Every structure is written in structure tokens, then in C-alpha cells.
>>> print(open('target37.txt').read())   # compact mmCIF, C-alpha atoms and all ligand atoms
# COMPACT_ATOMS: atom_id res chain seq x y z
CA MET A 128 103.89 88.40 102.07
CA GLY A 129 100.59 87.04 100.88
CA THR A 130 100.52 84.62 103.81
CA ALA A 131 101.10 87.45 106.31
CA ILE A 132 98.47 89.65 104.67
CA ARG A 133 95.99 86.80 104.76
CA ALA A 134 96.62 86.20 108.48
CA ARG A 135 96.34 89.90 109.34
CA LEU A 136 93.06 90.40 107.45
CA GLN A 137 91.58 87.18 108.85
CA ALA A 138 92.51 88.31 112.37
CA ARG A 139 90.32 91.40 111.99
CA GLY A 140 87.44 89.23 110.80
CA ASP A 141 87.72 89.40 107.01
CA THR A 142 86.93 86.33 104.93
CA VAL A 143 90.01 85.80 102.79
CA VAL A 144 90.43 83.75 99.62
CA SER A 145 94.04 83.15 98.67
CA ALA A 146 95.11 82.42 95.10
CA ASP A 147 98.48 81.09 94.00
CA LEU A 148 100.08 78.53 91.72
CA HIS A 149 99.82 76.00 94.56
CA ASP A 150 98.82 75.70 98.25
CA ALA A 151 95.94 78.16 98.02
CA ASP A 152 92.15 78.29 98.17
CA VAL A 153 92.04 78.98 94.44
CA ILE A 154 94.79 77.66 92.20
CA ALA A 155 95.49 80.17 89.46
CA ASP A 156 98.32 81.34 87.24
CA VAL A 157 97.92 85.09 86.97
CA THR A 158 99.94 85.22 83.76
CA VAL A 159 96.96 83.61 82.01
CA VAL A 160 94.12 86.06 81.51
CA ALA A 161 91.43 83.36 81.64
CA GLU A 162 92.82 82.25 85.02
CA CYS A 163 92.53 85.78 86.41
CA GLU A 164 88.90 85.72 85.33
CA ARG A 165 88.33 82.28 86.90
CA MET A 166 90.13 83.30 90.11
CA VAL A 167 87.70 86.17 90.60
CA ALA A 168 84.70 84.07 89.55
CA GLU A 169 85.58 81.27 92.00
CA THR A 170 86.01 83.79 94.80
CA LEU A 171 82.58 85.24 94.06
CA ALA A 172 81.08 81.75 93.86
CA LEU A 173 82.55 80.94 97.28
CA HIS A 174 81.55 84.14 99.10
CA GLY A 175 79.16 86.19 97.00
CA ASN A 176 80.98 89.50 97.01
CA LEU A 177 84.40 91.09 96.92
CA ASP A 178 85.44 94.07 99.04
CA ILE A 179 89.22 93.94 98.74
CA LEU A 180 91.70 92.78 96.12
CA VAL A 181 95.37 92.40 97.06
CA CYS A 182 97.80 91.55 94.24
CA ALA A 183 100.92 90.08 95.82
CA ALA A 184 102.10 87.56 93.21
CA GLY A 185 105.50 88.45 91.90
CA VAL A 186 108.89 87.29 90.68
CA TRP A 187 112.30 88.89 91.05
CA VAL A 188 114.56 88.76 88.00
CA GLU A 189 117.89 90.58 87.72
CA GLY A 190 121.08 90.61 85.72
CA PRO A 191 122.91 92.63 83.11
CA THR A 192 120.48 93.98 80.53
CA TRP A 193 122.78 92.81 77.72
CA GLN A 194 122.31 89.23 78.92
CA THR A 195 118.54 89.41 79.48
CA THR A 196 116.51 86.85 77.57
CA GLU A 197 113.06 87.23 76.05
CA ASP A 198 111.84 84.55 78.49
CA GLU A 199 113.03 86.60 81.49
CA TRP A 200 111.31 89.72 80.14
CA ASP A 201 108.07 87.83 79.44
CA ARG A 202 108.00 86.05 82.82
CA THR A 203 108.66 89.20 84.82
CA ILE A 204 106.21 91.39 82.95
CA ASP A 205 103.60 88.63 82.78
CA VAL A 206 103.55 87.87 86.51
CA ASN A 207 104.23 91.30 87.98
CA LEU A 208 102.42 93.60 85.57
CA LYS A 209 100.02 91.65 83.37
CA GLY A 210 98.96 89.50 86.33
CA ALA A 211 98.21 92.53 88.49
CA PHE A 212 96.40 94.31 85.67
CA PHE A 213 94.13 91.41 84.73
CA SER A 214 93.42 90.55 88.36
CA CYS A 215 92.17 94.13 88.70
CA ARG A 216 90.37 93.98 85.37
CA TYR A 217 88.14 91.12 86.52
CA ALA A 218 87.79 92.28 90.12
CA ILE A 219 86.75 95.84 89.28
CA PRO A 220 83.05 95.23 88.54
CA HIS A 221 82.73 93.49 91.90
CA LEU A 222 84.71 96.17 93.73
CA MET A 223 82.39 98.75 92.18
CA ALA A 224 79.43 96.83 93.58
CA THR A 225 80.84 96.99 97.13
CA GLU A 226 82.71 100.33 96.82
CA GLY A 227 85.73 98.31 97.79
CA CYS A 228 89.45 98.82 97.26
CA ALA A 229 92.59 97.26 95.83
CA VAL A 230 96.18 97.19 97.04
CA LEU A 231 98.92 96.23 94.62
CA ILE A 232 102.23 95.08 96.08
CA SER A 233 104.78 97.04 94.06
CA SER A 234 108.36 97.73 95.19
CA ASP A 235 110.85 100.46 96.01
CA TYR A 236 112.01 99.55 92.49
CA GLY A 237 108.66 100.87 91.32
CA LEU A 238 109.88 104.30 92.49
CA VAL A 239 113.62 104.33 91.77
CA GLY A 240 115.90 102.47 89.40
CA GLY A 241 118.23 99.69 90.42
CA PRO A 242 121.33 98.45 88.64
CA GLY A 243 120.64 95.16 86.87
CA ALA A 244 116.93 95.48 87.54
CA ALA A 245 115.64 97.11 84.34
CA VAL A 246 113.02 94.43 83.67
CA TYR A 247 111.84 94.31 87.28
CA ASN A 248 111.84 98.14 87.34
CA ALA A 249 109.69 98.18 84.20
CA SER A 250 107.20 95.81 85.79
CA LYS A 251 106.95 97.68 89.12
CA PHE A 252 106.93 101.19 87.61
CA GLY A 253 104.08 99.76 85.53
CA VAL A 254 102.30 98.56 88.66
CA ASN A 255 102.51 102.06 90.12
CA GLY A 256 101.23 103.49 86.84
CA ILE A 257 98.24 101.15 86.98
CA THR A 258 97.66 102.16 90.60
CA ARG A 259 97.45 105.86 89.77
CA SER A 260 95.43 105.35 86.61
CA LEU A 261 92.87 103.06 88.25
CA ALA A 262 92.60 105.36 91.27
CA LEU A 263 91.39 108.11 88.95
CA GLU A 264 89.26 105.86 86.76
CA LEU A 265 87.51 104.25 89.71
CA ALA A 266 87.20 107.23 92.06
CA PRO A 267 83.75 108.13 90.67
CA HIS A 268 82.68 104.59 91.57
CA GLY A 269 83.88 104.82 95.16
CA VAL A 270 86.71 102.34 94.61
CA ARG A 271 90.19 103.14 96.00
CA VAL A 272 93.45 101.76 94.57
CA ASN A 273 96.84 102.08 96.27
CA SER A 274 100.19 100.35 96.11
CA VAL A 275 102.77 99.37 98.69
CA CYS A 276 106.43 99.78 97.72
CA PRO A 277 108.69 97.76 100.02
CA ALA A 278 112.44 97.33 100.06
CA ASP A 279 113.86 94.00 101.20
CA VAL A 280 111.26 91.96 103.03
CA ASP A 281 112.19 88.73 104.76
CA THR A 282 110.32 86.28 102.52
CA PRO A 283 111.37 83.36 100.30
CA MET A 284 111.96 85.89 97.50
CA LEU A 285 114.75 87.45 99.56
CA ALA A 286 116.57 84.15 99.96
CA GLY A 287 117.89 84.40 96.39
CA GLN A 288 119.36 87.83 97.01
CA ALA A 289 120.92 86.71 100.29
CA ARG A 290 122.48 83.81 98.40
CA ASP A 291 123.75 86.00 95.57
CA TYR A 292 124.95 89.01 97.59
CA GLY A 293 125.76 87.62 101.00
CA ASN A 294 127.56 84.44 99.97
CA GLY A 295 124.52 82.49 101.16
CA ASP A 296 124.41 84.33 104.46
CA PRO A 297 121.39 86.64 104.86
CA GLN A 298 123.35 88.61 107.47
CA GLY A 299 126.06 89.24 104.90
CA TYR A 300 123.46 90.69 102.56
CA LEU A 301 121.98 92.75 105.39
CA ALA A 302 125.41 94.21 106.18
CA LYS A 303 125.72 95.28 102.53
CA LEU A 304 122.26 96.81 102.57
CA ARG A 305 122.92 98.75 105.75
CA ALA A 306 125.87 100.39 104.06
CA THR A 307 123.44 102.06 101.63
CA LEU A 308 120.30 102.59 103.71
CA PRO A 309 119.81 106.04 105.30
CA GLN A 310 119.05 104.49 108.67
CA ALA A 311 122.13 102.29 108.46
CA GLU A 312 122.46 100.05 111.54
CA ARG A 313 118.91 100.89 112.64
CA SER A 314 117.57 99.20 109.49
CA ARG A 315 116.92 95.50 109.00
CA PHE A 316 114.94 93.27 106.71
CA ILE A 317 111.30 94.37 106.77
CA ARG A 318 109.00 91.76 108.28
CA PRO A 319 106.05 90.45 106.22
CA ASP A 320 103.71 91.37 109.08
CA GLU A 321 104.83 95.01 108.71
CA ILE A 322 103.68 94.92 105.08
CA ALA A 323 100.46 93.24 106.20
CA ALA A 324 99.84 96.02 108.75
CA LEU A 325 100.09 98.65 106.01
CA VAL A 326 97.77 96.67 103.76
CA ALA A 327 95.32 96.32 106.65
CA PHE A 328 95.37 100.09 107.16
CA LEU A 329 94.96 100.86 103.45
CA THR A 330 91.97 98.54 103.28
CA SER A 331 90.32 100.00 106.39
CA ASP A 332 87.78 102.80 106.70
CA GLU A 333 90.50 104.97 108.26
CA ALA A 334 92.18 105.12 104.84
CA THR A 335 89.06 106.39 103.05
CA PRO A 336 90.78 109.59 101.77
CA ILE A 337 93.78 107.68 100.44
CA THR A 338 93.78 106.60 96.79
CA GLY A 339 96.36 106.61 94.03
CA ALA A 340 99.13 106.48 96.65
CA CYS A 341 102.28 104.44 96.07
CA ILE A 342 103.53 104.16 99.60
CA PRO A 343 107.19 103.40 100.30
CA ILE A 344 108.08 101.11 103.20
CA GLU A 345 111.83 101.01 102.73
CA TRP A 346 113.78 102.76 105.50
CA GLY A 347 113.69 106.01 103.50
CA VAL A 348 115.84 104.71 100.69
CA THR A 349 113.69 106.31 97.95
CA ALA A 350 113.51 109.69 99.71
CA GLY A 351 116.67 110.98 98.05
CA TYR A 352 120.41 110.85 98.51
N1 LIG B 1 110.59 90.16 99.30
C1 LIG B 1 111.02 91.36 98.95
O1 LIG B 1 112.10 91.78 99.37
C2 LIG B 1 110.18 92.25 98.07
C3 LIG B 1 110.53 93.60 97.97
C4 LIG B 1 109.75 94.45 97.18
C5 LIG B 1 108.65 93.96 96.53
N2 LIG B 1 108.32 92.64 96.62
C6 LIG B 1 107.12 92.19 95.91
O2 LIG B 1 106.23 91.70 96.88
C7 LIG B 1 105.36 90.72 96.30
C8 LIG B 1 105.34 89.48 97.20
O3 LIG B 1 106.63 88.92 97.17
P1 LIG B 1 107.17 87.93 98.30
O4 LIG B 1 108.38 88.55 98.88
O5 LIG B 1 106.07 87.47 99.17
O6 LIG B 1 107.68 86.77 97.33
P2 LIG B 1 107.44 85.18 97.42
O7 LIG B 1 108.31 84.63 96.34
O8 LIG B 1 107.61 84.72 98.80
O9 LIG B 1 105.91 85.07 97.00
C9 LIG B 1 105.47 85.35 95.71
C10 LIG B 1 104.28 84.46 95.44
O10 LIG B 1 103.82 84.72 94.09
C11 LIG B 1 103.39 83.49 93.57
N3 LIG B 1 103.40 83.51 92.10
C12 LIG B 1 104.47 83.59 91.29
N4 LIG B 1 104.08 83.51 90.01
C13 LIG B 1 102.73 83.37 90.02
C14 LIG B 1 101.76 83.22 89.02
N5 LIG B 1 102.09 83.18 87.72
N6 LIG B 1 100.44 83.11 89.38
C15 LIG B 1 100.10 83.12 90.69
N7 LIG B 1 100.99 83.26 91.70
C16 LIG B 1 102.29 83.37 91.36
C17 LIG B 1 104.42 82.48 94.10
O11 LIG B 1 103.93 81.14 94.01
C18 LIG B 1 104.59 82.96 95.53
O12 LIG B 1 103.71 82.33 96.44
C19 LIG B 1 105.90 90.49 94.89
O13 LIG B 1 105.14 91.22 93.96
C20 LIG B 1 107.30 91.05 94.96
O14 LIG B 1 107.75 91.49 93.68
C21 LIG B 1 109.07 91.77 97.38
>>> encode(input="target37.txt", output="C-alpha cells")
Amino acid sequence: MGTAIRARLQARGDTVVSADLHDADVIADVTVVAECERMVAETLALHGNLDILVCAAGVWVEGPTWQTTEDEWDRTIDVNLKGAFFSCRYAIPHLMATEGCAVLISSDYGLVGGPGAAVYNASKFGVNGITRSLALELAPHGVRVNSVCPADVDTPMLAGQARDYGNGDPQGYLAKLRATLPQAERSRFIRPDEIAALVAFLTSDEATPITGACIPIEWGVTAGY
């Protein structure tokens, strides 16, 4: 998703600095607070200011709660929640300077529960909590904060679910999903560029009135039943 967001924002003329554990402009582990600080500092050193922060790092962990280990809890919370929080924490002073904005990539599981996903749910509900809290805290400074809450997006993260639920066949997993999605056969895996388009909109001047929004992009699956 990060790759698609980068391409979309670059295409409209933004200067983008990517950060990841590997293969990025800035190598950083967002579970380490000092690395979040360095990631922001290196970005500023490269380009002088910061208008937009997008937090897209994440891990998917699932399984029966009664088998969950402390390591699984720590890894999920540390990447998805702590990483997003401390990325914001160090970016905020610079976003205040530019009256910029942040978009946190949350999940449909930040809006509704999922069986076997209690830890992931905790992390993504937390991301949406941060989104709403920061939107209010930073509104007087002209900084907007929103989140994007996708269902299954066709990225490497999805490959694990396709393996586990579709006997290795992504189409098998898709068939299972369609059985539960309101739009049934009309639905499909969401494309990363569709997430990128929403991020591009949320970080554009057209989205100036939008802050504190946790926007589903999930075929309506969180709308009700
Ligand atoms: N793919 C989906 O179906 C889906 C659905 C809903 C939400 N999401 C969320 O979207 C975001 C992007 O996921 P994706 O589908 O692109 O997954 P992905 O696995 O393709 O990419 C996640 C990226 O996060 C990076 N990362 C992991 N731990 C890190 C760390 N400690 N420090 C820095 N970077 C780290 C990985 O190296 C990887 O490049 C995640 O937050 C994920 O939870 C994904």
C-alpha cells in the first residue's frame, strides 16, 4: 500500500520520502521510538519541511485468543499502534509549521470486531482512537488527521490470508469473502491504487473540512448486517 501511495503522491508532484525496515529512502523500525524520531529528522534534513505524514506500516496477526503469545501482542501493538503514535508524535511539530495533515492506515477491523483478531482489533481500534484524538488536539493548529479503514487489499499482507483461508489460492479466499460481503459477486480484493486515491484526496485541499474521519473502504461490510 505504501508503494502505491508513494507513486500516487509523486505523480501529482509531491516529494515523497518512504520509510520501512528495508528498501526505502529512510530505513527505520517504527517500533523503536528513537527510530521514529530519526525517521522524521532525516526526512526534514533531506527536504526541509513536512506537509503530509502517512503511517502505513503494519502487521497482521490472528489466531485464537487463548493461544496468543506475549510476543504476538507486543509485535502487533508495537508496529500498528505504537509505531503510528510515535511517528505522529515526532511529525506533529513539523506538520504544525506547514498546517499539514496526517493519514493513518487503519482497517475495517478498526471499526468492527473479527473472530480471532482481538489483538489486531485492539491495535486498529487504537489507531482510530488516535486519529480522532489528534484531530481535536491539532485542529487549533490547522493540522488535519484522518484514517483509512480498508478491508482486504491485494498486497503481500493478503497473501497469508489467501494461503490460510483459500488453500493457497487467492480466488478461493475471494469466494469465501464474497459470501459475506454485502456486494457479493460485485466485490473483489481492493487494489492498492484505490487506497492511494483516497489518501491523495484526504491530503488534498479539497479535503480541507475533513478531519477526525475514519473512512471505510470495504464494500460496505462495516455498515451493518
Ligand atoms: N492488505 C490488507 O488487506 C489490509 C487491510 C486492512 C488494513 N491493512 C493495513 O494497511 C497497512 C499497509 O498494509 P499492506 O497491506 O501494505 O501490508 P504489507 O505487508 O504489504 O506492507 C506493510 C509494510 O510495513 C512494513 N513494516 C512492518 N513492520 C515495520 C516496522 N517495525 N517498521 C517499519 N516498517 C514496518 C513492512 O516492511 C511492509 O513494507 C497496514 O497497517 C495494514 O495493517 C491492510
>>> closest_residue(input="target37.txt", among="A:Glu169, A:Glu164, A:Asp279, A:Asp150", to="ligand LIG 1 (chain B)", atoms="all atoms listed in the file")
A:Asp279
>>> residues_around(input="target37.txt", residues="Pro319 (chain A)", least_positions_apart="6", cutoff="8 Å", atoms="all atoms listed in the file", output="PyMOL selection string")
chain A and resi 128+131-132+280-282
>>> closest_atom_pairs(input="target37.txt", of="region 155-261 of chain A", to="region 344-347 of chain A", cutoff="12 Å", atoms="all atoms listed in the file", output="Markdown table")
| residue | atom | partner | partner_atom | distance |
| --- | --- | --- | --- | --- |
| A:Ile232 | CA | A:Ile344 | CA | 11.0 |
| A:Ser233 | CA | A:Ile344 | CA | 10.5 |
| A:Ser234 | CA | A:Ile344 | CA | 8.7 |
| A:Asp235 | CA | A:Glu345 | CA | 6.8 |
| A:Tyr236 | CA | A:Glu345 | CA | 10.3 |
| A:Gly237 | CA | A:Glu345 | CA | 11.8 |
| A:Leu238 | CA | A:Glu345 | CA | 10.9 |
| A:Val239 | CA | A:Glu345 | CA | 11.6 |
>>> residues_around(input="target37.txt", residues="Leu231 (chain A)", least_positions_apart="3", cutoff="6 Å", atoms="all atoms listed in the file", output="list of chain:residue names")
A:Val181, A:Cys182, A:Ser274
>>> write_last_selection(input="target37.txt", atoms="C-alpha atoms", output="PDB file, keeping the file's coordinate frame")
ATOM      1  CA  VAL A 181      95.370  92.400  97.060  1.00  0.00           C
ATOM      2  CA  CYS A 182      97.800  91.550  94.240  1.00  0.00           C
ATOM      3  CA  SER A 274     100.190 100.350  96.110  1.00  0.00           C
TER       4      SER A 274
END
>>> residues_near_point(input="target37.txt", point="(106.3, 85.6, 87.6)", cutoff="12 Å", atoms="all atoms listed in the file", output="JSON, numbers by chain")
{"A": [147, 148, 156, 157, 158, 159, 183, 184, 185, 186, 187, 188, 198, 199, 200, 201, 202, 203, 204, 205, 206, 207, 208, 209, 210, 211, 246, 247, 250, 284]}
>>> closest_residue(input="target37.txt", among="A:Ala138, A:Ala278, A:Ala218, A:Met223", to="ligand LIG 1 (chain B)", atoms="all atoms listed in the file")
A:Ala278
>>> atom_distance(input="target37.txt", atom1="atom O12 of ligand LIG 1 (chain B)", atom2="CA of Arg290 (chain A)")
18.9 Å
>>> atom_distance(input="target37.txt", atom1="CA of Gln298 (chain A)", atom2="CA of Ala311 (chain A)")
13.8 Å
>>> closest_residue(input="target37.txt", among="A:Arg133, A:Lys251, A:Arg315, A:Arg271", to="ligand LIG 1 (chain B)", atoms="only C-alpha atoms and all ligand atoms")
A:Lys251
>>> closest_residue(input="target37.txt", among="A:Ile179, A:Ala306, A:Ile317, A:Leu263", to="Ser145 (chain A)", atoms="all atoms listed in the file")
A:Ile179
>>> atom_distance(input="target37.txt", atom1="CA of Val167 (chain A)", atom2="CA of Asn248 (chain A)")
27.1 Å
>>> build_atoms(input="target37.txt", residues="region 311-333 of chain A", atoms="N, CA and C atoms", output="CSV table (one decimal), in the frame of the given file")
chain,number,residue,atom,x,y,z
A,311,ALA,N,120.9,103.1,108.2
A,311,ALA,CA,122.1,102.3,108.5
A,311,ALA,C,121.9,101.2,109.5
A,312,GLU,N,122.6,101.2,110.6
A,312,GLU,CA,122.5,100.0,111.5
A,312,GLU,C,121.1,99.9,112.2
A,313,ARG,N,120.3,101.0,112.1
A,313,ARG,CA,118.9,100.9,112.6
A,313,ARG,C,118.0,100.1,111.7
A,314,SER,N,118.4,99.9,110.5
A,314,SER,CA,117.6,99.2,109.5
A,314,SER,C,117.8,97.7,109.6
A,315,ARG,N,116.9,97.0,109.0
A,315,ARG,CA,116.9,95.5,109.0
A,315,ARG,C,116.0,95.1,107.9
A,316,PHE,N,115.9,93.8,107.6
A,316,PHE,CA,114.9,93.3,106.7
A,316,PHE,C,113.6,93.6,107.3
A,317,ILE,N,112.7,94.1,106.4
A,317,ILE,CA,111.3,94.4,106.8
A,317,ILE,C,110.6,93.0,107.0
A,318,ARG,N,109.7,93.0,108.0
A,318,ARG,CA,109.0,91.8,108.3
A,318,ARG,C,107.7,91.7,107.5
A,319,PRO,N,107.3,90.5,107.0
A,319,PRO,CA,106.0,90.4,106.2
A,319,PRO,C,104.9,91.0,107.0
A,320,ASP,N,104.9,90.9,108.3
A,320,ASP,CA,103.7,91.4,109.1
A,320,ASP,C,103.7,92.9,109.1
A,321,GLU,N,104.8,93.5,108.8
A,321,GLU,CA,104.8,95.0,108.7
A,321,GLU,C,104.2,95.4,107.4
A,322,ILE,N,104.4,94.7,106.3
A,322,ILE,CA,103.7,94.9,105.1
A,322,ILE,C,102.2,94.7,105.3
A,323,ALA,N,101.9,93.6,106.0
A,323,ALA,CA,100.5,93.2,106.2
A,323,ALA,C,99.8,94.3,107.0
A,324,ALA,N,100.5,94.9,108.0
A,324,ALA,CA,99.8,96.0,108.8
A,324,ALA,C,99.5,97.2,107.9
A,325,LEU,N,100.4,97.5,106.9
A,325,LEU,CA,100.1,98.6,106.0
A,325,LEU,C,98.9,98.3,105.1
A,326,VAL,N,98.9,97.1,104.6
A,326,VAL,CA,97.8,96.7,103.8
A,326,VAL,C,96.5,96.7,104.6
A,327,ALA,N,96.5,96.3,105.8
A,327,ALA,CA,95.3,96.3,106.6
A,327,ALA,C,94.8,97.8,106.8
A,328,PHE,N,95.8,98.7,107.0
A,328,PHE,CA,95.4,100.1,107.2
A,328,PHE,C,94.8,100.6,105.9
A,329,LEU,N,95.4,100.3,104.7
A,329,LEU,CA,95.0,100.9,103.4
A,329,LEU,C,93.6,100.3,103.1
A,330,THR,N,93.3,99.2,103.6
A,330,THR,CA,92.0,98.5,103.3
A,330,THR,C,90.9,98.8,104.4
A,331,SER,N,91.3,99.7,105.3
A,331,SER,CA,90.3,100.0,106.4
A,331,SER,C,89.6,101.3,106.1
A,332,ASP,N,88.5,101.5,106.9
A,332,ASP,CA,87.8,102.8,106.7
A,332,ASP,C,88.6,104.0,107.0
A,333,GLU,N,89.6,103.8,107.9
A,333,GLU,CA,90.5,105.0,108.3
A,333,GLU,C,91.3,105.5,107.1
